[in-house]
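As provided, run-v8.cif (mmCIF, C-alpha atoms, pLDDT in the B column; chains and numbers go by the auth columns) reads as follows.
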data_my_file
#
loop_
_atom_site.group_PDB
_atom_site.id
_atom_site.type_symbol
_atom_site.label_atom_id
_atom_site.label_comp_id
_atom_site.label_asym_id
_atom_site.label_seq_id
_atom_site.Cartn_x
_atom_site.Cartn_y
_atom_site.Cartn_z
_atom_site.B_iso_or_equiv
_atom_site.auth_seq_id
_atom_site.auth_asym_id
ATOM 1 C CA MET A 1 -3.066 -0.607 20.758 63.00 1 T
ATOM 2 C CA LEU A 2 -1.291 -1.371 17.500 77.00 2 T
ATOM 3 C CA ALA A 3 -1.899 1.109 14.722 89.00 3 T
ATOM 4 C CA PHE A 4 -2.837 0.071 11.194 95.00 4 T
ATOM 5 C CA CYS A 5 -3.179 -3.640 11.917 95.00 5 T
ATOM 6 C CA GLY A 6 -5.888 -6.084 10.912 95.00 6 T
ATOM 7 C CA GLN A 7 -8.065 -6.569 7.866 96.00 7 T
ATOM 8 C CA ASP A 8 -11.691 -5.872 7.021 97.00 8 T
ATOM 9 C CA LYS A 9 -13.833 -6.486 3.955 97.00 9 T
ATOM 10 C CA VAL A 10 -15.457 -3.433 2.366 97.00 10 T
ATOM 11 C CA LEU A 11 -17.457 -2.649 -0.758 97.00 11 T
ATOM 12 C CA VAL A 12 -16.612 -0.004 -3.325 97.00 12 T
ATOM 13 C CA ASP A 13 -19.878 1.913 -3.766 96.00 13 T
ATOM 14 C CA ALA A 14 -21.370 3.185 -7.046 95.00 14 T
ATOM 15 C CA ASN A 15 -19.431 6.478 -6.660 94.00 15 T
ATOM 16 C CA GLY A 16 -16.059 4.772 -6.129 95.00 16 T
ATOM 17 C CA ARG A 17 -16.068 5.374 -2.387 96.00 17 T
ATOM 18 C CA VAL A 18 -15.127 3.075 0.463 97.00 18 T
ATOM 19 C CA LYS A 19 -16.006 3.401 4.109 96.00 19 T
ATOM 20 C CA LEU A 20 -12.966 2.569 6.199 96.00 20 T
ATOM 21 C CA PRO A 21 -13.453 0.499 9.344 96.00 21 T
ATOM 22 C CA VAL A 22 -13.577 2.626 12.510 94.00 22 T
ATOM 23 C CA HIS A 23 -10.271 1.361 13.907 94.00 23 T
ATOM 24 C CA PHE A 24 -8.427 2.459 10.750 95.00 24 T
ATOM 25 C CA VAL A 25 -10.186 5.838 10.741 94.00 25 T
ATOM 26 C CA ASN A 26 -9.090 6.337 14.360 92.00 26 T
ATOM 27 C CA ASP A 27 -5.503 5.463 13.382 93.00 27 T
ATOM 28 C CA PHE A 28 -5.564 8.089 10.611 93.00 28 T
ATOM 29 C CA LEU A 29 -7.108 10.716 12.888 91.00 29 T
ATOM 30 C CA ALA A 30 -4.763 10.006 15.812 87.00 30 T
ATOM 31 C CA ASP A 31 -2.126 12.483 14.652 74.00 31 T
ATOM 32 C CA GLY A 32 -4.045 15.035 12.639 73.00 32 T
ATOM 33 C CA LYS A 33 -6.985 15.989 10.502 83.00 33 T
ATOM 34 C CA GLY A 34 -7.181 12.823 8.418 90.00 34 T
ATOM 35 C CA ASP A 35 -5.012 14.115 5.581 94.00 35 T
ATOM 36 C CA VAL A 36 -3.876 11.099 3.577 96.00 36 T
ATOM 37 C CA VAL A 37 -2.046 10.229 0.388 97.00 37 T
ATOM 38 C CA PHE A 38 -3.169 7.523 -2.032 97.00 38 T
ATOM 39 C CA TYR A 39 -0.398 5.636 -3.778 97.00 39 T
ATOM 40 C CA CYS A 40 -1.229 3.172 -6.547 97.00 40 T
ATOM 41 C CA LEU A 41 1.108 0.232 -5.881 96.00 41 T
ATOM 42 C CA PRO A 42 2.763 -1.595 -8.787 93.00 42 T
ATOM 43 C CA GLU A 43 1.485 -4.918 -7.370 94.00 43 T
ATOM 44 C CA GLY A 44 -2.098 -3.793 -7.992 95.00 44 T
ATOM 45 C CA ALA A 45 -3.376 -2.387 -4.693 98.00 45 T
ATOM 46 C CA LEU A 46 -4.059 1.117 -3.457 98.00 46 T
ATOM 47 C CA ALA A 47 -1.997 2.233 -0.461 98.00 47 T
ATOM 48 C CA ILE A 48 -3.272 4.964 1.826 97.00 48 T
ATOM 49 C CA TYR A 49 -0.713 6.622 4.081 96.00 49 T
ATOM 50 C CA PRO A 50 -1.034 9.452 6.567 95.00 50 T
ATOM 51 C CA GLU A 51 0.394 12.511 4.840 94.00 51 T
ATOM 52 C CA ALA A 52 3.282 12.699 7.341 92.00 52 T
ATOM 53 C CA VAL A 53 4.246 9.064 6.670 92.00 53 T
ATOM 54 C CA TYR A 54 4.182 9.585 2.899 92.00 54 T
ATOM 55 C CA SER A 55 6.293 12.740 3.250 90.00 55 T
ATOM 56 C CA GLU A 56 8.847 10.816 5.314 90.00 56 T
ATOM 57 C CA MET A 57 8.933 8.002 2.741 89.00 57 T
ATOM 58 C CA ARG A 58 9.570 10.498 -0.045 85.00 58 T
ATOM 59 C CA ARG A 59 12.005 12.792 1.793 85.00 59 T
ATOM 60 C CA ARG A 60 14.927 13.530 -0.485 76.00 60 T
ATOM 61 C CA ASP A 61 18.325 14.817 0.423 69.00 61 T
ATOM 62 C CA ALA A 62 20.444 17.146 -1.700 73.00 62 T
ATOM 63 C CA GLU A 63 22.246 14.197 -3.335 75.00 63 T
ATOM 64 C CA ALA A 64 18.971 12.604 -4.440 75.00 64 T
ATOM 65 C CA ILE A 65 17.861 15.894 -5.987 79.00 65 T
ATOM 66 C CA ARG A 66 21.178 16.202 -7.826 81.00 66 T
ATOM 67 C CA GLN A 67 20.792 12.629 -9.089 84.00 67 T
ATOM 68 C CA ALA A 68 17.401 13.466 -10.579 83.00 68 T
ATOM 69 C CA GLY A 69 19.125 15.759 -13.052 84.00 69 T
ATOM 70 C CA MET A 70 21.592 13.065 -14.050 88.00 70 T
ATOM 71 C CA SER A 71 19.820 9.728 -13.732 90.00 71 T
ATOM 72 C CA MET A 72 17.039 8.411 -15.933 92.00 72 T
ATOM 73 C CA LEU A 73 16.215 5.801 -13.266 90.00 73 T
ATOM 74 C CA LYS A 74 15.875 8.480 -10.596 87.00 74 T
ATOM 75 C CA ARG A 75 13.603 10.546 -12.836 89.00 75 T
ATOM 76 C CA ARG A 76 11.472 7.469 -13.527 90.00 76 T
ATOM 77 C CA ASP A 77 11.201 6.853 -9.798 87.00 77 T
ATOM 78 C CA LEU A 78 10.035 10.448 -9.286 87.00 78 T
ATOM 79 C CA ARG A 79 7.551 10.140 -12.158 90.00 79 T
ATOM 80 C CA ARG A 80 6.135 6.910 -10.782 90.00 80 T
ATOM 81 C CA PHE A 81 5.555 8.367 -7.332 89.00 81 T
ATOM 82 C CA GLY A 82 4.297 11.694 -8.651 91.00 82 T
ATOM 83 C CA ALA A 83 1.893 10.256 -11.213 94.00 83 T
ATOM 84 C CA TRP A 84 0.570 7.480 -8.959 94.00 84 T
ATOM 85 C CA SER A 85 -0.005 9.581 -5.831 95.00 85 T
ATOM 86 C CA ALA A 86 -2.921 11.817 -4.843 97.00 86 T
ATOM 87 C CA SER A 87 -3.902 13.712 -1.700 96.00 87 T
ATOM 88 C CA ALA A 88 -7.239 13.245 0.042 96.00 88 T
ATOM 89 C CA GLN A 89 -8.953 13.691 3.366 94.00 89 T
ATOM 90 C CA ILE A 90 -11.023 11.136 5.234 93.00 90 T
ATOM 91 C CA THR A 91 -14.569 12.342 5.914 86.00 91 T
ATOM 92 C CA SER A 92 -15.945 12.334 9.443 79.00 92 T
ATOM 93 C CA GLN A 93 -17.860 9.162 8.484 87.00 93 T
ATOM 94 C CA GLY A 94 -14.624 7.468 7.407 91.00 94 T
ATOM 95 C CA ARG A 95 -15.330 7.628 3.676 94.00 95 T
ATOM 96 C CA LEU A 96 -12.761 8.054 0.958 96.00 96 T
ATOM 97 C CA THR A 97 -13.379 8.486 -2.750 96.00 97 T
ATOM 98 C CA LEU A 98 -10.873 6.389 -4.662 97.00 98 T
ATOM 99 C CA PRO A 99 -9.195 8.404 -7.427 96.00 99 T
ATOM 100 C CA GLN A 100 -10.815 7.525 -10.761 95.00 100 T
ATOM 101 C CA GLU A 101 -7.456 6.954 -12.469 95.00 101 T
ATOM 102 C CA PHE A 102 -6.441 4.368 -9.832 97.00 102 T
ATOM 103 C CA ARG A 103 -9.612 2.258 -9.928 96.00 103 T
ATOM 104 C CA GLN A 104 -8.963 0.285 -13.123 95.00 104 T
ATOM 105 C CA PRO A 105 -5.309 -0.664 -12.417 96.00 105 T
ATOM 106 C CA THR A 106 -6.280 -1.838 -8.920 97.00 106 T
ATOM 107 C CA LEU A 107 -9.509 -3.565 -10.035 97.00 107 T
ATOM 108 C CA LEU A 108 -11.396 -1.475 -7.453 98.00 108 T
ATOM 109 C CA ASP A 109 -14.377 -0.688 -9.652 95.00 109 T
ATOM 110 C CA ALA A 110 -17.836 0.265 -8.407 94.00 110 T
ATOM 111 C CA GLY A 111 -19.573 -2.620 -6.665 95.00 111 T
ATOM 112 C CA CYS A 112 -16.472 -4.716 -6.174 95.00 112 T
ATOM 113 C CA GLU A 113 -15.712 -6.536 -2.967 96.00 113 T
ATOM 114 C CA ALA A 114 -12.450 -5.312 -1.486 98.00 114 T
ATOM 115 C CA ILE A 115 -10.387 -5.757 1.629 98.00 115 T
ATOM 116 C CA VAL A 116 -8.580 -3.127 3.669 98.00 116 T
ATOM 117 C CA ILE A 117 -5.425 -4.458 5.275 98.00 117 T
ATOM 118 C CA GLY A 118 -3.242 -2.738 7.838 97.00 118 T
ATOM 119 C CA VAL A 119 0.429 -2.450 6.916 97.00 119 T
ATOM 120 C CA GLU A 120 1.620 -0.749 10.126 95.00 120 T
ATOM 121 C CA ILE A 121 2.385 2.582 8.404 95.00 121 T
ATOM 122 C CA GLY A 122 -0.998 2.896 6.712 96.00 122 T
ATOM 123 C CA VAL A 123 -3.460 0.646 4.924 98.00 123 T
ATOM 124 C CA GLU A 124 -3.809 -0.991 1.537 98.00 124 T
ATOM 125 C CA ILE A 125 -7.065 -1.588 -0.292 98.00 125 T
ATOM 126 C CA TRP A 126 -7.074 -4.702 -2.453 98.00 126 T
ATOM 127 C CA ASN A 127 -9.622 -6.225 -4.773 98.00 127 T
ATOM 128 C CA LEU A 128 -10.590 -9.292 -2.705 97.00 128 T
ATOM 129 C CA LYS A 129 -9.624 -11.859 -5.383 97.00 129 T
ATOM 130 C CA ARG A 130 -6.322 -10.108 -6.028 97.00 130 T
ATOM 131 C CA TRP A 131 -5.622 -10.089 -2.243 97.00 131 T
ATOM 132 C CA GLN A 132 -6.289 -13.826 -2.028 97.00 132 T
ATOM 133 C CA ASP A 133 -3.764 -14.394 -4.844 96.00 133 T
ATOM 134 C CA GLU A 134 -1.226 -12.111 -3.122 95.00 134 T
ATOM 135 C CA LEU A 135 -1.720 -13.873 0.211 95.00 135 T
ATOM 136 C CA LYS A 136 -1.082 -17.218 -1.486 95.00 136 T
ATOM 137 C CA LEU A 137 2.196 -15.853 -2.915 94.00 137 T
ATOM 138 C CA ILE A 138 3.198 -14.486 0.499 92.00 138 T
ATOM 139 C CA ASN A 139 2.552 -17.836 2.167 92.00 139 T
ATOM 140 C CA GLU A 140 4.427 -19.766 -0.546 93.00 140 T
ATOM 141 C CA HIS A 141 7.352 -17.365 -0.200 89.00 141 T
ATOM 142 C CA GLU A 142 7.448 -17.836 3.578 90.00 142 T
ATOM 143 C CA ILE A 143 7.480 -21.630 3.187 91.00 143 T
ATOM 144 C CA ASP A 144 10.276 -21.401 0.590 85.00 144 T
ATOM 145 C CA ARG A 145 12.255 -19.095 2.887 86.00 145 T
ATOM 146 C CA GLY A 146 11.812 -21.537 5.765 87.00 146 T
ATOM 147 C CA ASP A 147 12.973 -24.433 3.598 82.00 147 T
ATOM 148 C CA LEU A 148 16.079 -22.475 2.545 86.00 148 T
ATOM 149 C CA GLU A 149 16.826 -21.494 6.129 86.00 149 T
ATOM 150 C CA LEU A 150 16.496 -25.108 7.248 84.00 150 T
ATOM 151 C CA ALA A 151 18.733 -26.323 4.401 82.00 151 T
ATOM 152 C CA GLN A 152 21.388 -23.718 5.335 83.00 152 T
ATOM 153 C CA ASP A 153 21.189 -24.745 8.983 79.00 153 T
ATOM 154 C CA LEU A 154 21.592 -28.425 8.117 78.00 154 T
ATOM 155 C CA LYS A 155 24.518 -27.611 5.816 77.00 155 T
ATOM 156 C CA PHE A 156 26.365 -25.866 8.675 71.00 156 T
ATOM 157 C CA GLU A 157 25.790 -28.784 11.040 68.00 157 T
ATOM 158 C CA GLN A 158 27.600 -31.215 8.739 64.00 158 T
#
Re-express the file's structure as structure tokens.
Amino acid sequence: MLAFCGQDKVLVDANGRVKLPVHFVNDFLADGKGDVVFYCLPEGALAIYPEAVYSEMRRRDAEAIRQAGMSMLKRRDLRRFGAWSASAQITSQGRLTLPQEFRQPTLLDAGCEAIVIGVEIGVEIWNLKRWQDELKLINEHEIDRGDLELAQDLKFEQ
């Protein structure tokens, strides 16, 4: 079975918690104790990755560490990931409390309708309206890409 695939609507409860769908909980528990990392995405959603996946994403080699001392952009990258990440653990009922500081930028306030989408390496929680807008952009982008690909193909045939 594919891990971290699909989408399910959820509600953010009065305490800022969400109950993940069972199939996503099983994906998170498949390789450990349910230790996860929240990452507040710049596009306005909250990513949740297994801790091992997040660690792999953020693995730095000696050159990257050296660059941090010399590069303002590298330091900003480290700040962004450090400030917008938080550890958590999924409860046995599949509940997660969304970090308070991430709720406003993601529009995941108490009582809001949200959607959990699988992204193959974890999940993202989106405010439902924001997800619908993002999905529209994704679809428009795919159509534009197809049009460009077709135009390139026709250009080579001439």
Compare T:Pro21, T:Gly146, T:Gly34, T:Gly6 by their minimum atom-to-atom distance to Gln89 (chain T), counting all atoms listed in the file, and give me the closest one.
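Distance minimum relative to Gln89 (chain T) lands on T:Gly34.
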Separation of CA of Trp126 (chain T) and CA of Ala3 (chain T), in Å?
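Spanning CA of Trp126 (chain T) to CA of Ala3 (chain T) is a straight-line distance of 18.9 Å.
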Given only C-alpha atoms as the basis, pick out the residue of T:Tyr54, T:Tyr39, T:Phe81, T:Phe4 nearest to Arg103 (chain T).
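Under the stated criterion, the closest residue is T:Tyr39.
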Please compute the CA of Asp109 (chain T)-CA of Leu135 (chain T) distance, one decimal, in Å.
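Separating CA of Asp109 (chain T) from CA of Leu135 (chain T) is a distance of 20.8 Å.
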Return the single residue from T:Cys5, T:Ile90, T:Ala45, T:Ile138 that is closest to Leu20 (chain T), with distances computed using only C-alpha atoms.
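Nearest candidate to Leu20 (chain T) out of T:Cys5, T:Ile90, T:Ala45, T:Ile138: T:Ile90.
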Please write as a PyMOL selection string the full residue list that the PyMOL selection byres ((chain T and resi 10) around 12) yields on this file.
chain T and resi 7-9+11-13+16-22+95-96+108+110-117+124-128
As AutoDock Vina command-line options: centre and edge lengths in Å, one decimal, of the axis-aligned box holding region 129-142 of chain T with 3 Å per side:
--center_x -1.1 --center_y -14.9 --center_z -1.2 --size_x 23.1 --size_y 15.7 --size_z 15.6
Pick from T:Pro42, T:Val37, T:Thr97, T:Arg145 nearest to Glu56 (chain T), counting only C-alpha atoms:
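Looking only at the distances to Glu56 (chain T), the closest residue turns out to be T:Val37.
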Just the residues within 7 Å of Phe38 (chain T), please, counting all atoms listed in the file, with nothing from its chain fewer than 5 positions along; format it as number ranges by chain.
T: 46-49, 85-87
As an exercise, work out the distance from CA of Ala62 (chain T) to CA of Gly122 (chain T) in Å and give it to one decimal place.
27.1 Å
Closest to Trp84 (chain T) among T:Gly69, T:Pro105, T:Gly118, T:Gly32, using only C-alpha atoms?
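When distances to Trp84 (chain T) are compared using only C-alpha atoms, the smallest one comes from T:Pro105.
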From the options T:Ile65, T:Leu107, T:Ile121, T:Leu73, which residue's atoms come nearest to Ala52 (chain T), counting only C-alpha atoms?
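The answer is T:Ile121, which sits nearest to Ala52 (chain T).
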